[in-house]
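Here's the structure, in structure tokens; my notes come after.
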Amino acid sequence: MKKLAKVYLALVMMFLYVPIFVLIVFSFNTTKSRSVMSGFTFDWYIKLFKNEIIMSSLMNTIIIAVLASIVSTILGTAAAVGIKNMKKVPKAIVLNITNFPIINPEIVTGVSLMLLFVFFAARMNFEFGFVTLLIAHITFDVPYVILNVMPKLNQMDPFVYEAAQDLGCNPLQAFFKVVLPEIMPGVVSGFLISFTFSLDDFIISYFTCGSSMQTLPVTIYSMTRRKVSPEINALSTIIFLTVVVILVIKNIVEIKSNAKEKGERR
Amino acid sequence: MKNKLPAAPYLVWMIVFILVPLIMVAYFAFTDKDAHFTLDYVSNVAQYTPIFVRSIWLALISTVICLFIAYPLAYILIGMNTNIQSTMLMIVMLPMWMNFLLRTYAWMALLGNNGLINALLGLVGLGPFKMLNTEGAVVLGMVYNYLPFMILPIYSVMVKIDKSVLEAAADLGCNPAKTMLKVVFPLSLPGVFSGITMVFVPAISTFIISRMLGGGGNLLIGDLIEMQFLGNSYNINLGAAISLVLMVIVLLIMTILNQFGADDDGVMVI
């Protein structure tokens with residue numbers, strides 16, 4: 001039984017990782033072939049970094065992701081605080097609408113925003129690009145912030161906030177000095193999720209970016225539409241290694257903090 | 001803390017950028033190019049029934065395959081000791097952090113007529129087989145991309161099952177297989193249902209996977225919508241009508257499945 005489990009695990013891992021490793025190996029190939037290794041080279045990496053379209057869309061992606069996640073974190077955290085104070089029915093309505101971008105197929109969210117922009121672009125004379133993209137990203141990010149902050153707010157002792165006010169804080173001070181530190185883990189994870197979703201998003205960006213502005217995933221898509229280009233392999237390798245490094249660091253930090261907690265408890 | 005005011009900016013945002021766009025979809029679906037009311041576009045959707053059927057069918061097959069791969073995997077994971085468990089889970093989820101375009105592209109390279117699989121088969125004198133641009137390739141792409149969405153909710157429900165319940169079952173005379181069937185499986189159902197929705201919804205609405213791995217011959221609903229908005233057959237009214245139908249289908253399925261689903265499906269827990 002144990003052996004069978006190991007074989008099964010190995011098979012699933014192979015399924016998950018073989019395609020990625022093949023990409024990585026062929027990113028060093030001297031020719032464009034995807035089946036024969038003819039020699040080792042870093043050319044595709046050099047070409048990748050010299051490719052202005054890729055580099056500028058990478059810049060766009062990072063700018064959009066940073067801005068969208070900051071705005072959505074602020075907007076979403078404030079929203080969660082306000083929504084918590086609502087009466088039952090309006091609260092349920094707001095939370096249900098908030099859930100829409102999460103449960104709806106992404107393509108429908110993308111299309112619906114595109115229709116909105118098309119409708120107003122014709123009447124108000126603006127073009128698709130940075131602003132529409134940013135609005136779209138904030139729109140699909142905020143629900144995740146609210147979803148992450150809400151439980152932390154619910155766990156919090158409501159009297160702490162009142163106590164802070166009794167002790168002379170005004171509501172703003174009470175929020176920043178007492179409430180915010182309490183809900184910080186939710187705010188941070190909301191921010192991180194927003195950031196990763198924004199970096200990674202293709203479908204909604206694809207419908208809302210127009211022709212002048214491209215994010216990295218949109219550029220990748222247009223590259224895969226054209227002929228084979230080993231630069232994508234090089235890019236995949238870099239992205240994969242970045243992800244591995246980040247996750248390993250994150251895990252080490254977690255294991256260390258867990259060990260520390262255990263030690264303190266003793 | 002009785003103030004609702006902090007929610008005000010978000011409420012405006014929500015109405016303008018979540019609610020109004022959805023109303024726009026309905027508005028464009030029920031009007032023609034001169035903004036007159038019409039049912040033409042919505043009724044025209046019926047002529048694409050074969051595409052809808054294919055999308056639902058392929059999404060269904062992929063969901064079932066994901067379930068069959070993920071369930072034993074989750075069960076194996078919870079049997080491991082805690083430290084290895086979290087590392088293994090991280091390894092299983094890691095590919096998900098790469099953009100899905102790149103993951104799909106990886107399979108394009110593997111499955112192609114000049115791809116690695118055919119090259120390897122050629123060495124032993126087989127093939128080349130046509131694997132790219134088939135329905136099978138689309139299903140494979142869906143399974144590959146969405147498998148983590150099935151593993152995660154099942155795992156997070158299973159890991160919460162109290163070990164003493166399993167021991168109790170064993171004490172009361174269940175063999176491992178019977179414990180699995182009568183105790184673990186019923187308790188893990190909420191995770192299974194969450195997993196099904198999390199795989200089925202993106203699978204039924206994808207257009208990238210079908211475009212990249214299915215060639216032009218395996219159109220799905222997503223492709224159909226994309227073509228109306230950004231493709232050759234620009235017709236946003238028809239596109240809106242198809243989107244509306246897709247949304248209704250998905251919401252119906254979600255409502256049914258949510259009756260059984262878990263409350264927290266650990267969407268992005270790593």
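By order of appearance in the structure tokens: chains A, B, ..., then residues from 1 within every chain, and ligands from 1 in the order shown.
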
All residues 8 Å or closer to B:Ser55, only C-alpha atoms, same chain fewer than 6 positions away omitted, as an NGL selection string: :B and (204-205 or 220-221)

Store the residues of this selection in a file with N, CA and C atoms, as a PDB file, in the first residue's frame.
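Result went into again.pdb, see below:
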ATOM      1  N   ILE B 204     -15.307  25.370 -18.326  1.00  0.00           N
ATOM      2  CA  ILE B 204     -16.387  25.561 -19.296  1.00  0.00           C
ATOM      3  C   ILE B 204     -16.232  26.885 -20.033  1.00  0.00           C
ATOM      4  N   SER B 205     -15.512  27.850 -19.420  1.00  0.00           N
ATOM      5  CA  SER B 205     -15.459  29.174 -20.036  1.00  0.00           C
ATOM      6  C   SER B 205     -14.101  29.506 -20.639  1.00  0.00           C
ATOM      7  N   LEU B 220     -14.890  26.386 -28.270  1.00  0.00           N
ATOM      8  CA  LEU B 220     -15.689  26.308 -27.049  1.00  0.00           C
ATOM      9  C   LEU B 220     -16.445  27.623 -26.873  1.00  0.00           C
ATOM     10  N   ILE B 221     -17.306  27.674 -25.845  1.00  0.00           N
ATOM     11  CA  ILE B 221     -18.102  28.889 -25.627  1.00  0.00           C
ATOM     12  C   ILE B 221     -17.197  30.109 -25.505  1.00  0.00           C
TER      13      ILE B 221
END

Taking only C-alpha atoms into account, find every residue of chain A that has an atom no more than 6 Å from chain B, and write it out as a list in words.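 Here is what falls inside 6 Å: Pro19, Arg34, Ser35, Leu75, Ala78, Ala79, Gly82, Asn85, Val108, Ser112, Leu113, Leu116 and Asp200 of chain A.
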
Grab the residues selected above and save them as an mmCIF file, in the first residue's frame with N, CA, C and O atoms.
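What landed in again15.cif:
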data_model
loop_
_atom_site.group_PDB
_atom_site.id
_atom_site.type_symbol
_atom_site.label_atom_id
_atom_site.label_comp_id
_atom_site.auth_asym_id
_atom_site.auth_seq_id
_atom_site.Cartn_x
_atom_site.Cartn_y
_atom_site.Cartn_z
ATOM 1 N N PRO A 19 6.366 18.744 -18.167
ATOM 2 C CA PRO A 19 6.243 19.821 -19.159
ATOM 3 C C PRO A 19 7.091 21.034 -18.816
ATOM 4 O O PRO A 19 7.731 21.626 -19.699
ATOM 5 N N ARG A 34 11.988 21.841 -30.662
ATOM 6 C CA ARG A 34 11.463 21.551 -29.345
ATOM 7 C C ARG A 34 11.581 20.065 -29.029
ATOM 8 O O ARG A 34 10.969 19.571 -28.095
ATOM 9 N N SER A 35 12.328 19.330 -29.867
ATOM 10 C CA SER A 35 12.477 17.907 -29.580
ATOM 11 C C SER A 35 13.926 17.452 -29.610
ATOM 12 O O SER A 35 14.258 16.437 -29.023
ATOM 13 N N LEU A 75 -9.158 50.367 -0.423
ATOM 14 C CA LEU A 75 -10.595 50.375 -0.704
ATOM 15 C C LEU A 75 -11.298 49.208 -0.011
ATOM 16 O O LEU A 75 -12.354 49.371 0.608
ATOM 17 N N ALA A 78 -11.287 49.401 4.018
ATOM 18 C CA ALA A 78 -12.300 50.366 4.439
ATOM 19 C C ALA A 78 -13.692 49.775 4.228
ATOM 20 O O ALA A 78 -14.568 49.859 5.102
ATOM 21 N N ALA A 79 -13.879 49.135 3.072
ATOM 22 C CA ALA A 79 -15.182 48.551 2.758
ATOM 23 C C ALA A 79 -15.564 47.498 3.787
ATOM 24 O O ALA A 79 -16.699 47.480 4.279
ATOM 25 N N GLY A 82 -16.785 49.079 6.952
ATOM 26 C CA GLY A 82 -18.120 49.644 6.790
ATOM 27 C C GLY A 82 -19.188 48.575 6.658
ATOM 28 O O GLY A 82 -20.261 48.661 7.265
ATOM 29 N N ASN A 85 -20.553 46.949 9.723
ATOM 30 C CA ASN A 85 -21.508 47.722 10.510
ATOM 31 C C ASN A 85 -22.884 47.831 9.871
ATOM 32 O O ASN A 85 -23.758 48.496 10.392
ATOM 33 N N VAL A 108 -16.602 36.433 -18.522
ATOM 34 C CA VAL A 108 -17.805 37.260 -18.401
ATOM 35 C C VAL A 108 -17.470 38.581 -17.704
ATOM 36 O O VAL A 108 -17.921 39.652 -18.127
ATOM 37 N N SER A 112 -17.891 42.067 -19.518
ATOM 38 C CA SER A 112 -18.812 43.056 -18.966
ATOM 39 C C SER A 112 -18.098 44.401 -18.790
ATOM 40 O O SER A 112 -18.654 45.454 -19.110
ATOM 41 N N LEU A 113 -16.849 44.355 -18.318
ATOM 42 C CA LEU A 113 -16.094 45.610 -18.176
ATOM 43 C C LEU A 113 -15.801 46.221 -19.543
ATOM 44 O O LEU A 113 -15.882 47.427 -19.732
ATOM 45 N N LEU A 116 -18.807 48.046 -20.707
ATOM 46 C CA LEU A 116 -18.927 49.326 -20.001
ATOM 47 C C LEU A 116 -17.997 50.361 -20.626
ATOM 48 O O LEU A 116 -18.403 51.495 -20.925
ATOM 49 N N ASP A 200 -0.720 37.884 -12.606
ATOM 50 C CA ASP A 200 -0.987 36.662 -13.342
ATOM 51 C C ASP A 200 -2.142 36.787 -14.325
ATOM 52 O O ASP A 200 -2.304 35.962 -15.200
#

With distances taken over only C-alpha atoms, which residue among A:Ile64, A:Ile204, A:Val89, A:Val25 lies nearest A:Gly110?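 When distances to A:Gly110 are compared using only C-alpha atoms, the smallest one comes from A:Ile204.
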
Write out as a VMD selection string which residues come within 9 Å of A:Ser236 when counting only C-alpha atoms, dropping same-chain ones fewer than 3 positions away. (chain A and resid 20 23 to 24 27 231 to 233 239 to 241) or (chain B and resid 98 to 99 102 to 103)

Generate the output file for the selected residues, all heavy atoms, as a CSV table (one decimal), in the first residue's frame.
chain,number,residue,atom,x,y,z
A,20,ILE,N,7.1,21.4,-17.5
A,20,ILE,CA,7.9,22.6,-17.1
A,20,ILE,C,9.4,22.3,-17.3
A,20,ILE,O,10.1,23.2,-17.8
A,20,ILE,CB,7.6,22.9,-15.7
A,20,ILE,CG1,6.1,23.3,-15.6
A,20,ILE,CG2,8.5,24.1,-15.2
A,20,ILE,CD1,5.6,23.6,-14.2
A,23,LEU,N,10.4,22.6,-20.9
A,23,LEU,CA,10.5,24.0,-21.3
A,23,LEU,C,11.9,24.5,-20.8
A,23,LEU,O,12.6,25.2,-21.6
A,23,LEU,CB,9.4,24.8,-20.6
A,23,LEU,CG,8.1,25.0,-21.2
A,23,LEU,CD1,7.3,26.2,-20.5
A,23,LEU,CD2,8.2,25.4,-22.7
A,24,ILE,N,12.2,24.2,-19.6
A,24,ILE,CA,13.5,24.8,-19.0
A,24,ILE,C,14.7,24.3,-19.8
A,24,ILE,O,15.5,25.0,-20.2
A,24,ILE,CB,13.6,24.4,-17.5
A,24,ILE,CG1,12.5,25.2,-16.7
A,24,ILE,CG2,15.0,24.7,-17.0
A,24,ILE,CD1,12.5,24.8,-15.3
A,27,SER,N,15.1,25.8,-23.2
A,27,SER,CA,15.4,27.3,-23.2
A,27,SER,C,16.9,27.5,-23.4
A,27,SER,O,17.3,28.6,-23.7
A,27,SER,CB,14.9,27.9,-21.9
A,27,SER,OG,15.8,27.5,-20.8
A,231,GLU,N,12.2,32.2,-26.8
A,231,GLU,CA,12.3,33.2,-25.7
A,231,GLU,C,11.2,33.0,-24.7
A,231,GLU,O,11.4,33.3,-23.5
A,231,GLU,CB,12.0,34.6,-26.3
A,231,GLU,CG,13.2,35.1,-27.2
A,231,GLU,CD,12.8,36.3,-28.0
A,231,GLU,OE1,11.9,37.1,-27.6
A,231,GLU,OE2,13.4,36.5,-29.1
A,232,ILE,N,10.1,32.4,-25.1
A,232,ILE,CA,9.1,32.0,-24.1
A,232,ILE,C,9.6,31.0,-23.1
A,232,ILE,O,9.3,31.1,-21.9
A,232,ILE,CB,7.8,31.5,-24.8
A,232,ILE,CG1,7.2,32.5,-25.7
A,232,ILE,CG2,6.8,31.1,-23.8
A,232,ILE,CD1,5.9,32.1,-26.4
A,233,ASN,N,10.4,30.0,-23.6
A,233,ASN,CA,11.0,29.0,-22.7
A,233,ASN,C,11.9,29.7,-21.7
A,233,ASN,O,11.8,29.4,-20.5
A,233,ASN,CB,11.8,28.0,-23.5
A,233,ASN,CG,11.0,27.3,-24.5
A,233,ASN,OD1,9.8,27.6,-24.7
A,233,ASN,ND2,11.6,26.3,-25.1
A,239,ILE,N,10.6,32.8,-14.7
A,239,ILE,CA,9.4,32.9,-13.8
A,239,ILE,C,9.3,31.8,-12.9
A,239,ILE,O,9.1,31.9,-11.7
A,239,ILE,CB,8.1,33.0,-14.7
A,239,ILE,CG1,8.1,34.3,-15.4
A,239,ILE,CG2,6.8,32.9,-13.8
A,239,ILE,CD1,6.9,34.5,-16.3
A,240,PHE,N,9.6,30.6,-13.4
A,240,PHE,CA,9.5,29.4,-12.6
A,240,PHE,C,10.5,29.4,-11.4
A,240,PHE,O,10.2,29.2,-10.2
A,240,PHE,CB,9.8,28.1,-13.4
A,240,PHE,CG,9.7,26.8,-12.6
A,240,PHE,CD1,8.5,26.3,-12.3
A,240,PHE,CD2,10.9,26.1,-12.3
A,240,PHE,CE1,8.4,25.1,-11.5
A,240,PHE,CE2,10.8,25.0,-11.5
A,240,PHE,CZ,9.6,24.5,-11.2
A,241,LEU,N,11.8,29.8,-11.7
A,241,LEU,CA,12.8,29.9,-10.7
A,241,LEU,C,12.4,31.0,-9.7
A,241,LEU,O,12.6,30.8,-8.5
A,241,LEU,CB,14.1,30.2,-11.3
A,241,LEU,CG,14.7,29.0,-12.1
A,241,LEU,CD1,16.1,29.4,-12.7
A,241,LEU,CD2,14.8,27.8,-11.3
B,98,MET,N,2.8,29.5,-12.0
B,98,MET,CA,3.3,29.9,-13.3
B,98,MET,C,2.1,30.3,-14.1
B,98,MET,O,1.0,29.7,-14.0
B,98,MET,CB,4.0,28.8,-14.0
B,98,MET,CG,5.5,29.1,-14.1
B,98,MET,SD,6.3,27.6,-14.8
B,98,MET,CE,6.1,27.8,-16.5
B,99,ASN,N,2.2,31.3,-14.9
B,99,ASN,CA,1.0,31.8,-15.7
B,99,ASN,C,0.5,30.6,-16.5
B,99,ASN,O,1.3,29.8,-17.1
B,99,ASN,CB,1.4,32.9,-16.6
B,99,ASN,CG,0.2,33.6,-17.2
B,99,ASN,OD1,-0.4,33.0,-18.1
B,99,ASN,ND2,-0.1,34.7,-16.7
B,102,LEU,N,1.8,29.9,-20.0
B,102,LEU,CA,3.1,29.2,-20.1
B,102,LEU,C,2.9,27.7,-19.9
B,102,LEU,O,3.5,26.9,-20.6
B,102,LEU,CB,4.1,29.8,-19.1
B,102,LEU,CG,4.4,31.3,-19.4
B,102,LEU,CD1,5.3,31.8,-18.2
B,102,LEU,CD2,5.1,31.4,-20.7
B,103,ARG,N,2.1,27.4,-19.0
B,103,ARG,CA,1.8,25.9,-18.7
B,103,ARG,C,1.2,25.3,-19.9
B,103,ARG,O,1.5,24.2,-20.3
B,103,ARG,CB,0.9,25.7,-17.5
B,103,ARG,CG,1.7,25.9,-16.2
B,103,ARG,CD,0.8,25.7,-15.0
B,103,ARG,NE,0.0,27.0,-14.8
B,103,ARG,CZ,-1.2,27.0,-14.2
B,103,ARG,NH1,-1.8,25.9,-13.9
B,103,ARG,NH2,-1.7,28.2,-14.0

As a VMD selection string, list the residues of stretch 31-150 of chain B assigned to alpha helix (DSSP H) by DSSP on the backbone atoms of this structure. chain B and resid 40 to 44 49 to 78 82 to 93 100 to 111 116 to 123 135 to 150

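Minimum distance to B:Ser210 across B:Leu89, B:Ile78, B:Val157, B:Leu132 (counting only C-alpha atoms) occurs at B:Leu132.
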
Just want the 12 Å neighbourhood of A:Phe191, counted on only C-alpha atoms, with same-chain residues fewer than 2 positions away dropped. Output as a PyMOL selection string. chain A and resi 65-77+138+141-149+184-189+193-198

N, CA, C and O atoms of the current selection, written as a short mmCIF file (atom, residue, chain, number, x, y, z; two decimals), in the first residue's frame:
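Everything below was put into out.cif:
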data_model
loop_
_atom_site.label_atom_id
_atom_site.label_comp_id
_atom_site.auth_asym_id
_atom_site.auth_seq_id
_atom_site.Cartn_x
_atom_site.Cartn_y
_atom_site.Cartn_z
N ALA A 65 0.08 46.00 -11.28
CA ALA A 65 -0.13 45.12 -10.13
C ALA A 65 0.10 45.88 -8.83
O ALA A 65 -0.67 45.74 -7.88
N VAL A 66 1.16 46.70 -8.78
CA VAL A 66 1.44 47.45 -7.56
C VAL A 66 0.31 48.44 -7.27
O VAL A 66 -0.27 48.44 -6.17
N LEU A 67 -0.04 49.25 -8.28
CA LEU A 67 -1.09 50.24 -8.06
C LEU A 67 -2.41 49.58 -7.70
O LEU A 67 -3.07 49.95 -6.73
N ALA A 68 -2.81 48.57 -8.49
CA ALA A 68 -4.10 47.93 -8.28
C ALA A 68 -4.17 47.30 -6.90
O ALA A 68 -5.19 47.42 -6.20
N SER A 69 -3.08 46.64 -6.46
CA SER A 69 -3.17 45.97 -5.17
C SER A 69 -3.16 46.97 -4.02
O SER A 69 -3.85 46.76 -3.02
N ILE A 70 -2.43 48.09 -4.17
CA ILE A 70 -2.47 49.10 -3.11
C ILE A 70 -3.86 49.72 -3.00
O ILE A 70 -4.46 49.77 -1.93
N VAL A 71 -4.38 50.17 -4.15
CA VAL A 71 -5.71 50.79 -4.13
C VAL A 71 -6.75 49.81 -3.61
O VAL A 71 -7.57 50.16 -2.75
N SER A 72 -6.71 48.55 -4.07
CA SER A 72 -7.75 47.61 -3.63
C SER A 72 -7.61 47.28 -2.16
O SER A 72 -8.61 47.02 -1.50
N THR A 73 -6.38 47.25 -1.66
CA THR A 73 -6.22 46.97 -0.23
C THR A 73 -6.86 48.07 0.62
O THR A 73 -7.59 47.79 1.57
N ILE A 74 -6.60 49.33 0.23
CA ILE A 74 -7.19 50.44 0.98
C ILE A 74 -8.72 50.43 0.84
O ILE A 74 -9.46 50.43 1.83
N LEU A 75 -9.16 50.37 -0.42
CA LEU A 75 -10.60 50.38 -0.70
C LEU A 75 -11.30 49.21 -0.01
O LEU A 75 -12.35 49.37 0.61
N GLY A 76 -10.69 48.03 -0.10
CA GLY A 76 -11.31 46.81 0.43
C GLY A 76 -11.33 46.77 1.94
O GLY A 76 -12.31 46.34 2.55
N THR A 77 -10.24 47.23 2.57
CA THR A 77 -10.20 47.22 4.03
C THR A 77 -11.24 48.19 4.58
O THR A 77 -12.01 47.84 5.50
N ILE A 138 -8.40 46.60 -10.30
CA ILE A 138 -8.91 46.92 -8.97
C ILE A 138 -10.25 46.21 -8.75
O ILE A 138 -10.48 45.63 -7.70
N ASP A 141 -9.72 42.66 -7.90
CA ASP A 141 -8.90 42.49 -6.69
C ASP A 141 -9.66 42.76 -5.40
O ASP A 141 -9.51 42.02 -4.42
N VAL A 142 -10.46 43.83 -5.39
CA VAL A 142 -11.11 44.25 -4.13
C VAL A 142 -11.88 43.12 -3.44
O VAL A 142 -11.75 42.95 -2.23
N PRO A 143 -12.69 42.32 -4.18
CA PRO A 143 -13.43 41.27 -3.48
C PRO A 143 -12.54 40.34 -2.66
O PRO A 143 -12.92 39.92 -1.57
N TYR A 144 -11.32 40.07 -3.18
CA TYR A 144 -10.44 39.17 -2.42
C TYR A 144 -9.93 39.83 -1.16
O TYR A 144 -9.72 39.17 -0.14
N VAL A 145 -9.72 41.16 -1.21
CA VAL A 145 -9.30 41.87 0.01
C VAL A 145 -10.42 41.80 1.04
O VAL A 145 -10.20 41.44 2.20
N ILE A 146 -11.64 42.12 0.60
CA ILE A 146 -12.77 42.07 1.53
C ILE A 146 -12.92 40.68 2.13
O ILE A 146 -13.09 40.51 3.33
N LEU A 147 -12.80 39.67 1.27
CA LEU A 147 -12.93 38.29 1.71
C LEU A 147 -11.89 37.91 2.75
O LEU A 147 -12.14 37.07 3.61
N ASN A 148 -10.70 38.53 2.67
CA ASN A 148 -9.64 38.21 3.62
C ASN A 148 -9.71 39.03 4.90
O ASN A 148 -9.30 38.57 5.96
N VAL A 149 -10.24 40.26 4.80
CA VAL A 149 -10.28 41.14 5.97
C VAL A 149 -11.50 40.82 6.83
O VAL A 149 -11.42 40.84 8.06
N MET A 184 -4.43 43.11 10.67
CA MET A 184 -3.30 43.19 9.73
C MET A 184 -3.04 41.90 8.94
O MET A 184 -2.81 41.98 7.73
N PRO A 185 -3.08 40.72 9.58
CA PRO A 185 -2.82 39.51 8.79
C PRO A 185 -3.76 39.38 7.59
O PRO A 185 -3.33 39.03 6.49
N GLY A 186 -5.04 39.71 7.81
CA GLY A 186 -6.02 39.66 6.71
C GLY A 186 -5.72 40.69 5.65
O GLY A 186 -5.82 40.42 4.44
N VAL A 187 -5.33 41.89 6.07
CA VAL A 187 -5.01 42.96 5.12
C VAL A 187 -3.81 42.55 4.26
O VAL A 187 -3.82 42.69 3.04
N VAL A 188 -2.78 42.00 4.93
CA VAL A 188 -1.58 41.61 4.20
C VAL A 188 -1.88 40.49 3.21
O VAL A 188 -1.48 40.55 2.04
N SER A 189 -2.64 39.47 3.66
CA SER A 189 -2.90 38.39 2.70
C SER A 189 -3.79 38.87 1.57
O SER A 189 -3.62 38.44 0.42
N ILE A 193 -2.62 38.49 -2.27
CA ILE A 193 -3.45 37.80 -3.25
C ILE A 193 -3.78 38.74 -4.42
O ILE A 193 -3.66 38.35 -5.58
N SER A 194 -4.14 39.98 -4.09
CA SER A 194 -4.41 40.96 -5.15
C SER A 194 -3.21 41.11 -6.07
O SER A 194 -3.33 41.11 -7.29
N PHE A 195 -2.05 41.24 -5.45
CA PHE A 195 -0.83 41.45 -6.22
C PHE A 195 -0.56 40.27 -7.16
O PHE A 195 -0.32 40.46 -8.35
N THR A 196 -0.64 39.05 -6.62
CA THR A 196 -0.36 37.89 -7.48
C THR A 196 -1.42 37.74 -8.57
O THR A 196 -1.09 37.43 -9.71
N PHE A 197 -2.68 37.97 -8.21
CA PHE A 197 -3.73 37.84 -9.23
C PHE A 197 -3.54 38.86 -10.34
O PHE A 197 -3.74 38.57 -11.51
N SER A 198 -3.14 40.08 -9.95
CA SER A 198 -2.91 41.12 -10.96
C SER A 198 -1.73 40.77 -11.87
O SER A 198 -1.80 40.94 -13.07
#

Which residues are close to B:Val143, i.e. within 9 Å by only C-alpha atoms, leaving aside same-chain residues fewer than 3 positions away? Reply as a ChimeraX atom specification. /B:62-63,65-66,138-140,146-147,199,203

Would you write out those residues with all heavy atoms, as a short mmCIF file (atom, residue, chain, number, x, y, z; two decimals), in the first residue's frame?
data_model
loop_
_atom_site.label_atom_id
_atom_site.label_comp_id
_atom_site.auth_asym_id
_atom_site.auth_seq_id
_atom_site.Cartn_x
_atom_site.Cartn_y
_atom_site.Cartn_z
N SER B 62 -13.12 16.71 -17.99
CA SER B 62 -11.93 17.19 -17.28
C SER B 62 -12.17 17.20 -15.78
O SER B 62 -11.28 16.83 -15.01
CB SER B 62 -11.57 18.60 -17.71
OG SER B 62 -11.62 18.71 -19.09
N THR B 63 -13.37 17.63 -15.37
CA THR B 63 -13.66 17.68 -13.94
C THR B 63 -13.59 16.29 -13.33
O THR B 63 -13.01 16.09 -12.27
CB THR B 63 -15.06 18.29 -13.71
OG1 THR B 63 -15.16 19.49 -14.45
CG2 THR B 63 -15.29 18.58 -12.25
N ILE B 65 -11.94 13.64 -14.48
CA ILE B 65 -10.55 13.17 -14.45
C ILE B 65 -9.80 13.83 -13.29
O ILE B 65 -9.09 13.17 -12.53
CB ILE B 65 -9.84 13.45 -15.78
CG1 ILE B 65 -10.51 12.65 -16.90
CG2 ILE B 65 -8.36 13.07 -15.70
CD1 ILE B 65 -9.94 12.92 -18.27
N CYS B 66 -9.98 15.15 -13.13
CA CYS B 66 -9.32 15.86 -12.02
C CYS B 66 -9.71 15.22 -10.69
O CYS B 66 -8.86 15.01 -9.83
CB CYS B 66 -9.73 17.33 -12.00
SG CYS B 66 -8.84 18.34 -13.17
N VAL B 138 -7.26 19.19 -25.59
CA VAL B 138 -7.97 20.22 -24.82
C VAL B 138 -8.26 19.71 -23.41
O VAL B 138 -8.03 20.43 -22.42
CB VAL B 138 -9.27 20.63 -25.54
CG1 VAL B 138 -10.03 21.65 -24.70
CG2 VAL B 138 -8.98 21.19 -26.91
N VAL B 139 -8.75 18.47 -23.33
CA VAL B 139 -9.05 17.90 -22.02
C VAL B 139 -7.77 17.83 -21.18
O VAL B 139 -7.75 18.20 -20.00
CB VAL B 139 -9.68 16.49 -22.16
CG1 VAL B 139 -9.79 15.81 -20.81
CG2 VAL B 139 -11.06 16.61 -22.81
N LEU B 140 -6.69 17.37 -21.82
CA LEU B 140 -5.41 17.29 -21.11
C LEU B 140 -5.00 18.66 -20.56
O LEU B 140 -4.61 18.78 -19.40
CB LEU B 140 -4.32 16.77 -22.07
CG LEU B 140 -2.94 16.64 -21.46
CD1 LEU B 140 -2.86 15.40 -20.60
CD2 LEU B 140 -1.87 16.61 -22.54
N TYR B 146 -6.10 22.87 -14.19
CA TYR B 146 -7.06 23.06 -13.10
C TYR B 146 -6.95 21.99 -12.00
O TYR B 146 -7.67 22.06 -11.01
CB TYR B 146 -8.49 23.12 -13.64
CG TYR B 146 -8.66 24.19 -14.69
CD1 TYR B 146 -9.31 23.95 -15.90
CD2 TYR B 146 -8.14 25.47 -14.48
CE1 TYR B 146 -9.44 24.94 -16.85
CE2 TYR B 146 -8.26 26.47 -15.44
CZ TYR B 146 -8.92 26.19 -16.62
OH TYR B 146 -9.04 27.17 -17.56
N LEU B 147 -6.06 21.01 -12.18
CA LEU B 147 -5.92 19.96 -11.17
C LEU B 147 -5.69 20.51 -9.76
O LEU B 147 -6.33 20.05 -8.80
CB LEU B 147 -4.79 19.00 -11.58
CG LEU B 147 -4.55 17.81 -10.65
CD1 LEU B 147 -5.79 16.92 -10.60
CD2 LEU B 147 -3.36 16.98 -11.11
N VAL B 199 -13.13 23.62 -10.66
CA VAL B 199 -12.56 23.13 -11.92
C VAL B 199 -13.54 23.39 -13.06
O VAL B 199 -13.16 23.85 -14.14
CB VAL B 199 -12.23 21.63 -11.84
CG1 VAL B 199 -11.84 21.10 -13.20
CG2 VAL B 199 -11.10 21.41 -10.85
N ALA B 203 -13.14 25.71 -16.58
CA ALA B 203 -13.01 24.80 -17.72
C ALA B 203 -14.08 25.09 -18.77
O ALA B 203 -13.81 25.09 -19.97
CB ALA B 203 -13.10 23.34 -17.27
#

As number ranges by chain, please: the residues near B:Gln259 (cut-off 12 Å, only C-alpha atoms, same-chain neighbours under 4 positions excluded). B: 189-190, 193-194, 197, 252-255, 263

Fewer than 3 positions away in the same chain doesn't count, so skip those; otherwise give me all residues within 12 Å of A:Phe159, counting only C-alpha atoms, as a list in words. Gln155, Met156, Glu162, Ala163, Ala164, Gln165, Asp166, Ala174, Val178 and Val179 of chain A; Met1 and Lys2 of chain B

Interatomic distance (Å, one decimal) between atom CA of B:Ile209 and atom CA of A:Ile220: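 According to the coordinates, atom CA of B:Ile209 and atom CA of A:Ile220 are separated by 13.8 Å.
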